[in-house]
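Participant: Below you'll find target06.cif; it's mmCIF, C-alpha atoms and all ligand atoms.
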```
data_structure
#
loop_
_atom_site.group_PDB
_atom_site.id
_atom_site.type_symbol
_atom_site.label_atom_id
_atom_site.label_comp_id
_atom_site.auth_asym_id
_atom_site.auth_seq_id
_atom_site.Cartn_x
_atom_site.Cartn_y
_atom_site.Cartn_z
ATOM 1 C CA LEU A 13 18.951 6.324 17.843
ATOM 2 C CA ASN A 14 17.789 9.862 18.273
ATOM 3 C CA LEU A 15 15.867 10.331 15.060
ATOM 4 C CA GLU A 16 13.411 13.019 16.022
ATOM 5 C CA GLN A 17 15.746 15.981 15.726
ATOM 6 C CA GLY A 18 17.019 15.098 12.280
ATOM 7 C CA MET A 19 13.537 14.365 11.029
ATOM 8 C CA HIS A 20 12.543 18.021 11.190
ATOM 9 C CA GLY A 21 14.792 19.034 8.308
ATOM 10 C CA ALA A 22 14.824 15.704 6.497
ATOM 11 C CA LEU A 23 12.167 16.652 3.935
ATOM 12 C CA GLN A 24 13.986 19.869 3.002
ATOM 13 C CA ARG A 25 17.269 17.983 2.754
ATOM 14 C CA ASN A 26 15.605 15.494 0.423
ATOM 15 C CA GLU A 27 16.468 12.518 2.624
ATOM 16 C CA PHE A 28 13.278 10.545 2.103
ATOM 17 C CA VAL A 29 12.910 8.205 -0.827
ATOM 18 C CA LEU A 30 10.073 6.026 -2.074
ATOM 19 C CA PHE A 31 10.657 2.416 -3.002
ATOM 20 C CA TYR A 32 8.136 0.609 -5.193
ATOM 21 C CA GLN A 33 7.073 -3.011 -4.853
ATOM 22 C CA PRO A 34 5.250 -4.600 -7.802
ATOM 23 C CA VAL A 35 1.778 -6.119 -7.531
ATOM 24 C CA ILE A 36 1.336 -8.995 -9.982
ATOM 25 C CA ASP A 37 -1.755 -10.542 -11.571
ATOM 26 C CA LEU A 38 -1.068 -14.296 -11.367
ATOM 27 C CA TYR A 39 -3.600 -15.223 -14.019
ATOM 28 C CA GLU A 40 -2.494 -12.830 -16.697
ATOM 29 C CA SER A 41 1.136 -12.862 -15.512
ATOM 30 C CA ARG A 42 0.915 -9.132 -15.699
ATOM 31 C CA LEU A 43 2.108 -6.166 -13.695
ATOM 32 C CA MET A 44 -0.947 -4.487 -12.102
ATOM 33 C CA GLY A 45 0.657 -1.726 -10.119
ATOM 34 C CA PHE A 46 2.945 -0.866 -7.239
ATOM 35 C CA GLU A 47 2.914 -0.120 -3.550
ATOM 36 C CA ALA A 48 4.962 2.926 -2.555
ATOM 37 C CA LEU A 49 7.036 2.320 0.596
ATOM 38 C CA ILE A 50 8.994 5.106 2.218
ATOM 39 C CA ARG A 51 12.650 4.899 3.323
ATOM 40 C CA TRP A 52 14.760 7.486 5.095
ATOM 41 C CA ASN A 53 18.239 7.900 3.738
ATOM 42 C CA HIS A 54 19.722 9.013 7.043
ATOM 43 C CA PRO A 55 23.085 10.830 6.804
ATOM 44 C CA GLU A 56 24.424 8.907 9.814
ATOM 45 C CA PHE A 57 22.479 5.650 10.053
ATOM 46 C CA GLY A 58 21.955 4.839 6.378
ATOM 47 C CA LEU A 59 18.761 3.656 4.752
ATOM 48 C CA LEU A 60 16.099 3.338 7.467
ATOM 49 C CA PRO A 61 12.886 1.316 7.023
ATOM 50 C CA PRO A 62 9.554 2.916 7.955
ATOM 51 C CA ASP A 63 9.080 0.956 11.178
ATOM 52 C CA LYS A 64 12.122 2.832 12.525
ATOM 53 C CA PHE A 65 10.653 6.307 12.034
ATOM 54 C CA ILE A 66 6.971 6.409 11.005
ATOM 55 C CA SER A 67 5.685 6.200 14.572
ATOM 56 C CA ILE A 68 7.958 9.103 15.565
ATOM 57 C CA ALA A 69 6.676 11.042 12.570
ATOM 58 C CA GLU A 70 3.140 10.293 13.735
ATOM 59 C CA ASP A 71 3.804 11.357 17.331
ATOM 60 C CA THR A 72 5.478 14.615 16.329
ATOM 61 C CA GLY A 73 2.942 15.481 13.642
ATOM 62 C CA LEU A 74 5.647 15.463 10.976
ATOM 63 C CA ILE A 75 3.725 12.667 9.252
ATOM 64 C CA GLU A 76 1.404 15.310 7.828
ATOM 65 C CA SER A 77 4.110 16.969 5.730
ATOM 66 C CA ILE A 78 5.884 13.664 5.048
ATOM 67 C CA GLY A 79 2.566 12.144 3.986
ATOM 68 C CA SER A 80 1.929 15.029 1.580
ATOM 69 C CA TRP A 81 5.351 14.496 0.058
ATOM 70 C CA VAL A 82 4.707 10.742 -0.283
ATOM 71 C CA LEU A 83 1.403 11.285 -2.075
ATOM 72 C CA ASP A 84 2.866 13.829 -4.460
ATOM 73 C CA GLN A 85 5.960 11.758 -5.196
ATOM 74 C CA ALA A 86 3.982 8.538 -5.741
ATOM 75 C CA ALA A 87 1.583 10.359 -8.077
ATOM 76 C CA ALA A 88 4.476 11.846 -10.062
ATOM 77 C CA GLN A 89 5.972 8.378 -10.481
ATOM 78 C CA ILE A 90 2.779 6.654 -11.625
ATOM 79 C CA LYS A 91 2.359 9.503 -14.119
ATOM 80 C CA LYS A 92 5.845 8.800 -15.489
ATOM 81 C CA TRP A 93 4.982 5.152 -15.959
ATOM 82 C CA ALA A 94 1.652 6.142 -17.547
ATOM 83 C CA GLN A 95 3.604 8.265 -20.021
ATOM 84 C CA GLN A 96 5.678 5.203 -20.845
ATOM 85 C CA GLY A 97 2.472 3.548 -22.010
ATOM 86 C CA ARG A 98 1.094 2.043 -18.798
ATOM 87 C CA GLN A 99 -1.996 4.029 -17.863
ATOM 88 C CA ASP A 100 -3.406 0.757 -16.556
ATOM 89 C CA LEU A 101 -1.062 0.608 -13.555
ATOM 90 C CA PHE A 102 -2.110 1.699 -10.080
ATOM 91 C CA MET A 103 -0.091 3.120 -7.237
ATOM 92 C CA ALA A 104 -0.939 2.089 -3.682
ATOM 93 C CA VAL A 105 -0.052 4.660 -1.022
ATOM 94 C CA ASN A 106 0.033 4.049 2.739
ATOM 95 C CA VAL A 107 -1.416 6.721 5.004
ATOM 96 C CA SER A 108 -1.478 7.293 8.759
ATOM 97 C CA ALA A 109 -4.601 8.157 10.747
ATOM 98 C CA ARG A 110 -3.208 11.568 11.536
ATOM 99 C CA GLN A 111 -3.256 12.557 7.862
ATOM 100 C CA PHE A 112 -7.045 12.323 8.026
ATOM 101 C CA ARG A 113 -7.260 14.973 10.741
ATOM 102 C CA GLY A 114 -8.983 18.141 9.690
ATOM 103 C CA ASN A 115 -10.436 18.219 6.222
ATOM 104 C CA TYR A 116 -7.284 18.684 4.192
ATOM 105 C CA PHE A 117 -6.711 15.187 2.910
ATOM 106 C CA LEU A 118 -9.492 15.005 0.321
ATOM 107 C CA ASN A 119 -8.599 18.406 -1.096
ATOM 108 C CA GLU A 120 -4.989 17.411 -1.240
ATOM 109 C CA LEU A 121 -5.857 14.211 -3.041
ATOM 110 C CA LYS A 122 -7.970 16.093 -5.559
ATOM 111 C CA THR A 123 -5.185 18.629 -6.127
ATOM 112 C CA VAL A 124 -2.595 15.889 -6.640
ATOM 113 C CA LEU A 125 -4.793 14.132 -9.231
ATOM 114 C CA GLN A 126 -5.189 17.403 -11.114
ATOM 115 C CA ARG A 127 -1.572 18.519 -10.838
ATOM 116 C CA HIS A 128 -0.210 15.275 -12.225
ATOM 117 C CA GLU A 129 -3.153 14.631 -14.545
ATOM 118 C CA ILE A 130 -3.635 11.040 -13.470
ATOM 119 C CA LEU A 131 -6.811 9.001 -13.436
ATOM 120 C CA PRO A 132 -8.319 8.718 -9.934
ATOM 121 C CA GLU A 133 -8.437 4.928 -10.213
ATOM 122 C CA GLN A 134 -4.661 4.921 -10.591
ATOM 123 C CA ILE A 135 -4.363 5.828 -6.917
ATOM 124 C CA GLU A 136 -5.200 3.378 -4.139
ATOM 125 C CA ILE A 137 -5.051 4.575 -0.545
ATOM 126 C CA GLU A 138 -4.175 1.915 2.045
ATOM 127 C CA ILE A 139 -5.774 2.245 5.438
ATOM 128 C CA THR A 140 -5.306 -0.124 8.374
ATOM 129 C CA GLU A 141 -7.622 -1.647 10.907
ATOM 130 C CA SER A 142 -5.840 0.261 13.653
ATOM 131 C CA MET A 143 -7.298 3.474 12.211
ATOM 132 C CA LEU A 144 -10.762 2.372 13.260
ATOM 133 C CA GLN A 145 -10.445 4.173 16.591
ATOM 134 C CA ASP A 146 -11.719 7.246 14.848
ATOM 135 C CA PHE A 147 -14.357 5.375 12.940
ATOM 136 C CA HIS A 148 -16.615 8.242 11.876
ATOM 137 C CA SER A 149 -13.870 10.353 10.358
ATOM 138 C CA ILE A 150 -12.422 7.313 8.589
ATOM 139 C CA ARG A 151 -15.803 6.523 7.111
ATOM 140 C CA LYS A 152 -16.196 10.093 5.911
ATOM 141 C CA MET A 153 -12.753 9.927 4.308
ATOM 142 C CA VAL A 154 -13.438 6.617 2.581
ATOM 143 C CA LEU A 155 -16.726 7.930 1.182
ATOM 144 C CA GLY A 156 -14.927 11.064 0.005
ATOM 145 C CA MET A 157 -12.174 9.103 -1.685
ATOM 146 C CA ARG A 158 -14.681 6.864 -3.439
ATOM 147 C CA GLU A 159 -16.535 9.940 -4.622
ATOM 148 C CA LEU A 160 -13.285 11.159 -6.184
ATOM 149 C CA GLY A 161 -12.932 7.774 -7.874
ATOM 150 C CA VAL A 162 -9.874 6.825 -5.837
ATOM 151 C CA SER A 163 -9.546 3.208 -4.724
ATOM 152 C CA VAL A 164 -9.272 2.295 -1.039
ATOM 153 C CA ALA A 165 -7.629 -0.828 0.375
ATOM 154 C CA ILE A 166 -7.617 -2.284 3.882
ATOM 155 C CA ASP A 167 -3.980 -3.144 4.617
ATOM 156 C CA ASP A 168 -2.845 -5.967 6.935
ATOM 157 C CA PHE A 169 -6.303 -7.495 6.660
ATOM 158 C CA GLY A 170 -7.092 -10.099 9.290
ATOM 159 C CA THR A 171 -4.688 -8.931 11.971
ATOM 160 C CA GLY A 172 -7.095 -6.610 13.792
ATOM 161 C CA TYR A 173 -10.112 -7.607 15.814
ATOM 162 C CA SER A 174 -12.598 -5.681 13.722
ATOM 163 C CA SER A 175 -11.999 -6.740 10.138
ATOM 164 C CA LEU A 176 -15.610 -7.657 9.540
ATOM 165 C CA ALA A 177 -16.962 -4.437 11.012
ATOM 166 C CA LEU A 178 -14.663 -2.558 8.649
ATOM 167 C CA LEU A 179 -16.060 -4.429 5.680
ATOM 168 C CA LYS A 180 -19.596 -3.859 6.815
ATOM 169 C CA TYR A 181 -19.320 -0.113 7.189
ATOM 170 C CA LEU A 182 -16.575 1.037 4.842
ATOM 171 C CA PRO A 183 -17.070 0.970 1.062
ATOM 172 C CA VAL A 184 -13.487 -0.091 0.338
ATOM 173 C CA THR A 185 -12.430 -1.649 -2.966
ATOM 174 C CA ARG A 186 -9.691 -4.063 -1.878
ATOM 175 C CA ILE A 187 -8.411 -6.076 1.050
ATOM 176 C CA LYS A 188 -4.759 -6.973 1.439
ATOM 177 C CA ILE A 189 -4.331 -10.246 3.291
ATOM 178 C CA ASP A 190 -1.541 -9.812 5.809
ATOM 179 C CA ARG A 191 1.642 -11.733 5.147
ATOM 180 C CA SER A 192 1.429 -13.485 8.530
ATOM 181 C CA PHE A 193 -1.308 -15.652 6.937
ATOM 182 C CA VAL A 194 0.475 -16.187 3.639
ATOM 183 C CA ILE A 195 3.570 -17.387 5.463
ATOM 184 C CA SER A 196 1.691 -20.582 6.515
ATOM 185 C CA LEU A 197 0.943 -21.600 2.934
ATOM 186 C CA PRO A 198 0.773 -24.198 1.419
ATOM 187 C CA GLY A 199 0.101 -25.396 5.005
ATOM 188 C CA THR A 200 -2.731 -27.548 6.287
ATOM 189 C CA ALA A 201 -6.330 -27.934 5.150
ATOM 190 C CA ARG A 202 -7.222 -25.328 7.768
ATOM 191 C CA ASP A 203 -4.802 -22.792 6.316
ATOM 192 C CA VAL A 204 -6.115 -23.367 2.827
ATOM 193 C CA GLY A 205 -9.723 -23.296 4.073
ATOM 194 C CA LEU A 206 -9.176 -19.901 5.599
ATOM 195 C CA PHE A 207 -7.956 -18.469 2.304
ATOM 196 C CA SER A 208 -10.785 -20.050 0.345
ATOM 197 C CA ALA A 209 -13.334 -18.623 2.772
ATOM 198 C CA ILE A 210 -11.838 -15.137 2.557
ATOM 199 C CA MET A 211 -11.950 -15.330 -1.222
ATOM 200 C CA GLN A 212 -15.601 -16.407 -1.182
ATOM 201 C CA MET A 213 -16.462 -13.508 1.055
ATOM 202 C CA ALA A 214 -14.505 -11.082 -1.119
ATOM 203 C CA ASN A 215 -16.289 -12.321 -4.228
ATOM 204 C CA SER A 216 -19.696 -11.872 -2.584
ATOM 205 C CA LEU A 217 -18.795 -8.347 -1.564
ATOM 206 C CA GLU A 218 -17.184 -7.572 -4.950
ATOM 207 C CA LEU A 219 -13.890 -6.767 -3.301
ATOM 208 C CA ASN A 220 -10.486 -7.075 -4.893
ATOM 209 C CA VAL A 221 -7.971 -9.096 -2.910
ATOM 210 C CA THR A 222 -4.194 -8.961 -2.731
ATOM 211 C CA ALA A 223 -2.162 -11.606 -0.935
ATOM 212 C CA GLU A 224 0.909 -10.012 0.644
ATOM 213 C CA GLY A 225 4.272 -11.444 1.538
ATOM 214 C CA VAL A 226 4.385 -14.139 -1.149
ATOM 215 C CA GLU A 227 7.911 -15.494 -0.901
ATOM 216 C CA THR A 228 7.803 -18.790 -2.799
ATOM 217 C CA TYR A 229 6.637 -20.402 -6.006
ATOM 218 C CA ASP A 230 4.534 -22.899 -4.013
ATOM 219 C CA GLN A 231 2.696 -20.103 -2.248
ATOM 220 C CA SER A 232 1.962 -18.496 -5.609
ATOM 221 C CA GLN A 233 0.647 -21.772 -7.012
ATOM 222 C CA ILE A 234 -1.719 -22.521 -4.159
ATOM 223 C CA LEU A 235 -3.015 -18.944 -4.138
ATOM 224 C CA ARG A 236 -3.680 -19.252 -7.841
ATOM 225 C CA THR A 237 -5.588 -22.488 -7.275
ATOM 226 C CA MET A 238 -7.699 -20.787 -4.628
ATOM 227 C CA GLY A 239 -8.623 -17.978 -6.987
ATOM 228 C CA TYR A 240 -6.266 -15.266 -5.809
ATOM 229 C CA PRO A 241 -5.185 -13.185 -8.778
ATOM 230 C CA ALA A 242 -3.196 -10.400 -7.140
ATOM 231 C CA VAL A 243 0.011 -11.075 -5.238
ATOM 232 C CA GLN A 244 2.802 -9.039 -3.779
ATOM 233 C CA GLY A 245 5.980 -10.275 -2.129
ATOM 234 C CA TYR A 246 9.676 -10.979 -2.372
ATOM 235 C CA PHE A 247 9.130 -13.872 -4.800
ATOM 236 C CA TRP A 248 7.735 -11.417 -7.340
ATOM 237 C CA GLY A 249 9.782 -8.391 -6.451
ATOM 238 C CA ARG A 250 11.255 -6.535 -3.513
ATOM 239 C CA PRO A 251 10.563 -2.850 -2.999
ATOM 240 C CA VAL A 252 13.226 -0.946 -4.946
ATOM 241 C CA ALA A 253 13.870 2.591 -6.165
ATOM 242 C CA ALA A 254 12.106 3.789 -9.323
ATOM 243 C CA GLU A 255 15.425 3.940 -11.182
ATOM 244 C CA ASP A 256 15.803 0.193 -10.709
ATOM 245 C CA TYR A 257 12.824 -0.429 -12.999
ATOM 246 C CA ASP A 258 13.840 -0.603 -16.591
ATOM 247 C CA GLU A 259 11.539 1.237 -19.016
ATOM 248 C CA VAL A 260 11.378 -1.788 -21.310
ATOM 249 C CA TRP A 261 10.421 -4.030 -18.375
ATOM 250 C CA ILE A 262 7.643 -1.630 -17.307
ATOM 251 C CA LYS A 263 6.278 -1.559 -20.869
ATOM 252 C CA ASN A 264 6.284 -5.328 -21.300
ATOM 253 C CA SER A 265 5.367 -6.667 -17.881
HETATM 254 O O1 LIG B 1 8.578 -1.253 3.618
HETATM 255 P P1 LIG B 1 8.295 -1.858 4.951
HETATM 256 O O2 LIG B 1 7.912 -3.293 4.970
HETATM 257 O O3 LIG B 1 9.406 -1.703 5.915
HETATM 258 O O4 LIG B 1 7.035 -1.039 5.555
HETATM 259 C C1 LIG B 1 6.651 -1.213 6.865
HETATM 260 C C2 LIG B 1 5.369 -0.471 7.154
HETATM 261 O O5 LIG B 1 5.547 0.931 7.005
HETATM 262 C C3 LIG B 1 4.280 -0.884 6.207
HETATM 263 O O6 LIG B 1 3.351 -1.611 6.916
HETATM 264 C C4 LIG B 1 3.677 0.380 5.724
HETATM 265 O O7 LIG B 1 2.295 0.424 6.014
HETATM 266 C C5 LIG B 1 4.399 1.489 6.471
HETATM 267 N N1 LIG B 1 4.709 2.514 5.482
HETATM 268 C C6 LIG B 1 5.512 2.387 4.414
HETATM 269 N N2 LIG B 1 5.529 3.528 3.690
HETATM 270 C C7 LIG B 1 4.699 4.390 4.316
HETATM 271 C C8 LIG B 1 4.277 5.730 4.052
HETATM 272 O O8 LIG B 1 4.635 6.354 3.059
HETATM 273 N N3 LIG B 1 3.418 6.293 4.941
HETATM 274 C C9 LIG B 1 2.968 5.638 6.037
HETATM 275 N N4 LIG B 1 2.130 6.274 6.860
HETATM 276 N N5 LIG B 1 3.328 4.367 6.315
HETATM 277 C C10 LIG B 1 4.185 3.749 5.463
HETATM 278 O O1 LIG B 2 2.044 -3.129 6.093
HETATM 279 P P1 LIG B 2 2.450 -3.066 4.671
HETATM 280 O O2 LIG B 2 1.813 -4.138 3.879
HETATM 281 O O3 LIG B 2 2.231 -1.737 4.042
HETATM 282 O O4 LIG B 2 3.996 -3.341 4.594
HETATM 283 C C1 LIG B 2 4.597 -3.917 3.559
HETATM 284 C C2 LIG B 2 5.911 -4.348 4.120
HETATM 285 O O5 LIG B 2 6.153 -5.722 3.901
HETATM 286 C C3 LIG B 2 7.033 -3.580 3.505
HETATM 287 O O6 LIG B 2 7.898 -3.162 4.497
HETATM 288 C C4 LIG B 2 7.731 -4.604 2.635
HETATM 289 O O7 LIG B 2 9.102 -4.324 2.557
HETATM 290 C C5 LIG B 2 7.431 -5.882 3.355
HETATM 291 N N1 LIG B 2 7.355 -7.021 2.446
HETATM 292 C C6 LIG B 2 6.920 -7.010 1.183
HETATM 293 N N2 LIG B 2 6.976 -8.243 0.630
HETATM 294 C C7 LIG B 2 7.450 -9.052 1.592
HETATM 295 C C8 LIG B 2 7.737 -10.450 1.634
HETATM 296 O O8 LIG B 2 7.543 -11.210 0.680
HETATM 297 N N3 LIG B 2 8.230 -10.943 2.802
HETATM 298 C C9 LIG B 2 8.456 -10.154 3.884
HETATM 299 N N4 LIG B 2 8.952 -10.722 4.982
HETATM 300 N N5 LIG B 2 8.196 -8.835 3.879
HETATM 301 C C10 LIG B 2 7.697 -8.281 2.745
HETATM 302 MN MN MN B 3 0.762 -1.337 2.814
HETATM 303 NA NA NA B 4 0.332 -5.342 4.976
#
```
Using the file provided, produce a representation of the structure as structure tokens.
Ligand code: G
Ligand code: G
Ligand code: MN
Ligand code: NA
Facilitator:
Amino acid sequence: LNLEQGMHGALQRNEFVLFYQPVIDLYESRLMGFEALIRWNHPEFGLLPPDKFISIAEDTGLIESIGSWVLDQAAAQIKKWAQQGRQDLFMAVNVSARQFRGNYFLNELKTVLQRHEILPEQIEIEITESMLQDFHSIRKMVLGMRELGVSVAIDDFGTGYSSLALLKYLPVTRIKIDRSFVISLPGTARDVGLFSAIMQMANSLELNVTAEGVETYDQSQILRTMGYPAVQGYFWGRPVAAEDYDEVWIKNS
């Protein structure tokens, strides 16, 4: 596929769309928020997942304008749901390292919060361990986001080689356990031990935890037993367009 050419005008042509995957509190059986996940509705190739085009967007620099659109769109949507009575929901937004270049991101974030009149804690920015290459600028960004009152999550937690260094130096508010770990559950005593240990550490550090990629009832049950409240995954809901969420469901979930 040659995607690069078409990507230049894709924003103007309104070809990107955000899907939203629910995050569920297992204990309260309650909707906690959503993660926004971009798709590209390509005129020729159909609906493309992010792994098909995000790296191209990063290499070409287009991720900066796409990322701005994502943030604005996600904020507008969480505002809509707040207006339907759910000011308690959060919206998690993925960002790329390149969006942190220069000093625009924090201003942009502040502007978006003001424009849509949403509470800062309704936005959670997801960073990944791979962003650590530029450690000092990431740290500055995380401190800046926390100062704004915005939450910060480490995505794909456990897959990098520097997870613990991240936790030591970055004042993040949540870790998201990568689905490659969840997939082994219920699993062996070792698998369960790993999750229990992560939860103990998270509790000591006063970190929120989300388990990602929960695909079965059994996985949900064992996570619950191990003290994991927040889950995300196909068992609880696939990422879908905003229109696919019924207003009554949002209100009552
Ligand atoms: O939805 P899907 O599982 O295909 O997402 C794959 C990856 O794409 C995820 O790990 C996520 O971090 C990344 N991704 C999804 N949406 C966005 C986005 O809006 N911006 C960036 N930078 N990455 C995204
Ligand atoms: O890296 P990040 O966590 O942002 O990516 C989330 C990706 O995982 C999205 O592309 C989403 O579509 C996908 N995803 C979400 N839930 C599940 C799940 O239960 N199983 C699998 N295989 N993928 C999932
Ligand atoms: Mn993510
Ligand atoms: Na992840």
Participant: Closest to Val194 of chain A among A:Ala48, A:Ala104, A:Ile234, A:Leu144, using all atoms listed in the file?
Facilitator: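 Of all the options, A:Ile234 lies closest to Val194 of chain A.
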Participant: Considering all atoms listed in the file, can you say which of A:Lys152, A:Lys188, A:Arg250, A:Arg110 comes closest to ligand NA 4 (chain B)?
Facilitator: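 Of A:Lys152, A:Lys188, A:Arg250, A:Arg110, the one nearest ligand NA 4 (chain B), counting all atoms listed in the file, is A:Lys188.
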Participant: Residues picked by the PyMOL selection byres (((chain A and resi 218-230) around 8) and not hetatm) here, as a PyMOL selection string?
Facilitator: chain A and resi 184-192+194-195+197-198+211+214-217+231-234+240-248
Participant: Would you give me, as CSV, each residue of chain A having an atom within 7 Å of an atom of ligand MN 3 (chain B), along with its shortest atom pair and that distance in Å to one decimal, using only C-alpha atoms and all ligand atoms and sorting by chain and residue number?
Facilitator:
```
residue,atom,partner,partner_atom,distance
A:Glu47,CA,B:MN3,MN,6.8
A:Asn106,CA,B:MN3,MN,5.4
A:Glu138,CA,B:MN3,MN,6.0
A:Asp167,CA,B:MN3,MN,5.4
```
Participant: What are the closest atom pairs, with distances in Å to one decimal, for all residues of chain A lying within 10 Å of ligand LIG 1 (chain B)? Consider all atoms listed in the file, order rows by chain and residue number, and present the result as CSV.
Facilitator:
```
residue,atom,partner,partner_atom,distance
A:Phe28,CA,B:LIG1,O8,9.7
A:Val29,CA,B:LIG1,O8,9.3
A:Leu30,CA,B:LIG1,O8,7.5
A:Phe31,CA,B:LIG1,O1,7.8
A:Tyr32,CA,B:LIG1,O1,9.0
A:Gln33,CA,B:LIG1,O1,8.8
A:Glu47,CA,B:LIG1,N2,8.5
A:Ala48,CA,B:LIG1,N2,6.3
A:Leu49,CA,B:LIG1,N2,3.6
A:Ile50,CA,B:LIG1,N2,4.1
A:Arg51,CA,B:LIG1,N2,7.3
A:Leu60,CA,B:LIG1,O3,8.5
A:Pro61,CA,B:LIG1,O3,4.7
A:Pro62,CA,B:LIG1,O5,4.6
A:Asp63,CA,B:LIG1,C1,5.4
A:Lys64,CA,B:LIG1,O3,8.5
A:Phe65,CA,B:LIG1,O5,9.0
A:Ile66,CA,B:LIG1,N5,6.3
A:Ser67,CA,B:LIG1,N4,8.5
A:Ala69,CA,B:LIG1,N4,8.7
A:Glu70,CA,B:LIG1,N4,8.0
A:Ile75,CA,B:LIG1,N4,7.0
A:Glu76,CA,B:LIG1,N4,9.1
A:Ile78,CA,B:LIG1,O8,7.7
A:Gly79,CA,B:LIG1,N3,6.0
A:Ser80,CA,B:LIG1,O8,9.2
A:Trp81,CA,B:LIG1,O8,8.7
A:Val82,CA,B:LIG1,O8,5.5
A:Leu83,CA,B:LIG1,O8,7.8
A:Gln85,CA,B:LIG1,O8,10.0
A:Ala86,CA,B:LIG1,O8,9.1
A:Ala104,CA,B:LIG1,O8,9.7
A:Val105,CA,B:LIG1,O8,6.4
A:Asn106,CA,B:LIG1,N3,4.6
A:Val107,CA,B:LIG1,N4,4.0
A:Ser108,CA,B:LIG1,N4,4.2
A:Ala109,CA,B:LIG1,N4,8.0
A:Arg110,CA,B:LIG1,N4,8.9
A:Gln111,CA,B:LIG1,N4,8.3
A:Glu138,CA,B:LIG1,O7,7.7
A:Ile139,CA,B:LIG1,O7,8.3
A:Thr140,CA,B:LIG1,O7,8.0
A:Asp167,CA,B:LIG1,O7,7.4
A:Asp168,CA,B:LIG1,O6,7.6
A:Asp190,CA,B:LIG1,O6,9.6
A:Gly225,CA,B:LIG1,O2,9.6
A:Arg250,CA,B:LIG1,O1,9.3
A:Pro251,CA,B:LIG1,O1,7.1
A:Val252,CA,B:LIG1,O1,9.7
```
Participant: Please define a box with edges along x, y and z of the file around all atoms of ligand LIG 2 (chain B) given in the file, extend it by 8 Å on each side, and return its centre and edge lengths in Å to one decimal, as AutoDock Vina command-line options.
Facilitator:
```
--center_x 5.5 --center_y -6.5 --center_z 3.4 --size_x 23.3 --size_y 25.5 --size_z 21.5
```
Participant: List every protein, DNA or RNA residue with an atom no more than 12 Å from (-18.5, 0.6, -1.3) in the file's coordinates, counting all atoms listed in the file, and format the result as a PyMOL selection string.
Facilitator: chain A and resi 151+154-159+161-165+178-186+217-220
Participant: Compile the contact shell of Ala88 of chain A as a PyMOL selection string: residues with an atom at most 12 Å away, counting only C-alpha atoms, same-chain residues fewer than 6 positions apart removed.
Facilitator: chain A and resi 30+48+81-82+94-95+103+124-130+134-135+254
Participant: Can you work out which one of A:Arg236, A:Phe46, A:Met153, A:Glu259 has the shortest atom-to-atom distance to ligand LIG 2 (chain B), counting only C-alpha atoms and all ligand atoms?
Facilitator: A:Phe46
Participant: Point out the residue among A:Asp203, A:Glu141, A:Asp146, A:Glu133 with the least atom-to-atom distance to ligand LIG 2 (chain B), counting all atoms listed in the file.
Facilitator: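 The closest residue to ligand LIG 2 (chain B) is A:Glu141.
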